[in-house]
Amino acid sequence: MLVIVMFATILTLGMANTLMAIAGLINEKREKGQYWINNSWLLWLFIMHLNMYWYSSHIAKVENWGFPGFLHIIAGPVLLFFATSIFLNRDSGIEETAETRYFNISRRFFMFFAFLQIWIISTDFLLESGLTGSCSFNLLLMVMGFILASWDQRIVHKIGAVTGWLLLLLPMLLRGLGIIT
């Protein structure tokens with residue numbers, strides 16, 4: 001039970017930060033210069049926070065937790081929290097456009113993004129007693145994260161944003177239809 005509480009607490013902190021940033025975008029005037037890729041990844045992070053709450057039901061089924069298992073389970077929300085914090089940090093001290101800021105943080109953000117996908121794959125393996133049908137999507141998201149962390153070309157990041165959404169939503173749809181687990 002304590003594992004679920006810690007998991008949910010860390011996840012809730014990240015979700016609160018994401019919601020505050022979305023509220024800030026709603027209140028922000030358009031002339032400040034929003035970058036659609038920023039907004040897209042911000043909404044993606046919010047959906048990812050919601051999606052990670054489903055692990056609570058699997059965590060509850062484990063009766064005896066050892067410390068290594070506890071650390072592994074907590075690592076997921078921590079990785080997502082760090083990715084969110086990097087993405088939302090606006091304290092660069094210099095005046096920059098939203099696009100410049102995005103590319104300034106993209107390497108760090110997408111490294112955490114890729115490591116989060118590794119955590120999801122390993123956690124699915126541990127909690128589901130094997131790889132799930134959606135692990136292939138997380139594997140593709142991991143590769144995409146490493147690519148986006150390595151390249152700073154606009155076209156690559158535009159394609160990455162669209163691909164990220166497809167790879168997030170498609171497994172949700174397929175699970176809902178009962179096609180994959």
# chains A, B, ... in the order shown; residues from 1 in each chain; ligands from 1
$ residues_around --residues "Leu11 in chain A" --least-positions-apart "6" --cutoff "9 Å" --atoms "only C-alpha atoms" --output "list in words"
His49, Leu50, Met52, Tyr53, Gly76, Pro77, Val78, Leu80 and Phe81 of chain A
$ select_by_dssp --residues "range 73-169 of chain A" --states "alpha helix (DSSP H)" --output "PyMOL selection string"
chain A and resi 73-88+98-127+135-150+154-169
$ residues_around --residues "Thr100 in chain A" --least-positions-apart "2" --cutoff "12 Å" --atoms "only C-alpha atoms" --output "mmCIF file with C-alpha atoms, in the first residue's frame"
data_model
loop_
_atom_site.group_PDB
_atom_site.id
_atom_site.type_symbol
_atom_site.label_atom_id
_atom_site.label_comp_id
_atom_site.auth_asym_id
_atom_site.auth_seq_id
_atom_site.Cartn_x
_atom_site.Cartn_y
_atom_site.Cartn_z
ATOM 1 C CA GLY A 33 4.934 33.577 -29.022
ATOM 2 C CA GLN A 34 3.804 30.059 -28.354
ATOM 3 C CA TYR A 35 5.425 27.223 -30.260
ATOM 4 C CA ILE A 37 5.509 21.722 -30.614
ATOM 5 C CA ASN A 38 5.894 22.984 -27.019
ATOM 6 C CA ARG A 90 11.503 28.863 -17.699
ATOM 7 C CA SER A 92 17.016 30.512 -18.115
ATOM 8 C CA ILE A 94 17.744 35.192 -20.806
ATOM 9 C CA GLU A 95 15.001 36.407 -23.075
ATOM 10 C CA GLU A 96 14.264 33.738 -25.671
ATOM 11 C CA THR A 97 11.459 32.711 -27.985
ATOM 12 C CA ALA A 98 9.379 29.627 -27.222
ATOM 13 C CA TYR A 102 12.275 24.304 -26.771
ATOM 14 C CA PHE A 103 15.495 23.460 -28.577
ATOM 15 C CA ASN A 104 17.569 24.554 -25.560
ATOM 16 C CA ILE A 105 15.855 21.985 -23.320
ATOM 17 C CA SER A 106 15.091 19.288 -25.890
ATOM 18 C CA ASP A 152 17.970 19.719 -33.305
ATOM 19 C CA GLN A 153 16.507 20.049 -36.789
ATOM 20 C CA ARG A 154 12.999 21.531 -36.875
#
$ closest_residue --among "A:Arg101, A:His58, A:Arg175, A:His157" --to "Glu128 in chain A" --atoms "only C-alpha atoms"
A:His58
$ closest_residue --among "A:Thr123, A:Asn27, A:Asn64, A:Thr163" --to "Leu140 in chain A" --atoms "only C-alpha atoms"
A:Thr163
$ atom_distance --atom1 "CA of Thr84 in chain A" --atom2 "CA of Leu177 in chain A"
29.9 Å
$ residues_around --residues "Val5 in chain A" --least-positions-apart "3" --cutoff "12 Å" --atoms "only C-alpha atoms" --output "NGL selection string"
:A and (1-2 or 8-12 or 53 or 56 or 59-60 or 70 or 73-74 or 77)
$ residues_around --residues "Trp119 in chain A" --least-positions-apart "6" --cutoff "10 Å" --atoms "only C-alpha atoms" --output "PDB file with C-alpha atoms, in the first residue's frame"
ATOM      1  CA  HIS A  72      12.119   0.498  -9.535  1.00  0.00           C
ATOM      2  CA  ILE A  73       8.411   1.352  -9.258  1.00  0.00           C
ATOM      3  CA  ALA A  75      11.635   5.504 -10.654  1.00  0.00           C
ATOM      4  CA  GLY A  76       8.817   5.857 -13.236  1.00  0.00           C
ATOM      5  CA  PRO A  77       6.995   8.797 -11.662  1.00  0.00           C
ATOM      6  CA  LEU A  79      11.527  10.142 -14.407  1.00  0.00           C
ATOM      7  CA  PHE A 113      11.581  10.773 -22.115  1.00  0.00           C
ATOM      8  CA  PHE A 125       7.593  -7.003 -17.953  1.00  0.00           C
ATOM      9  CA  ASN A 138       7.125   2.139 -26.058  1.00  0.00           C
ATOM     10  CA  MET A 142      12.274   5.209 -26.733  1.00  0.00           C
TER      11      MET A 142
END
$ atom_distance --atom1 "CA of Phe87 in chain A" --atom2 "CA of Leu148 in chain A"
13.8 Å
$ atom_distance --atom1 "CA of Gly160 in chain A" --atom2 "CA of Trp41 in chain A"
10.0 Å
$ closest_residue --among "A:Ile26, A:Leu42, A:Ile4, A:Leu13" --to "Tyr55 in chain A" --atoms "only C-alpha atoms"
A:Ile4
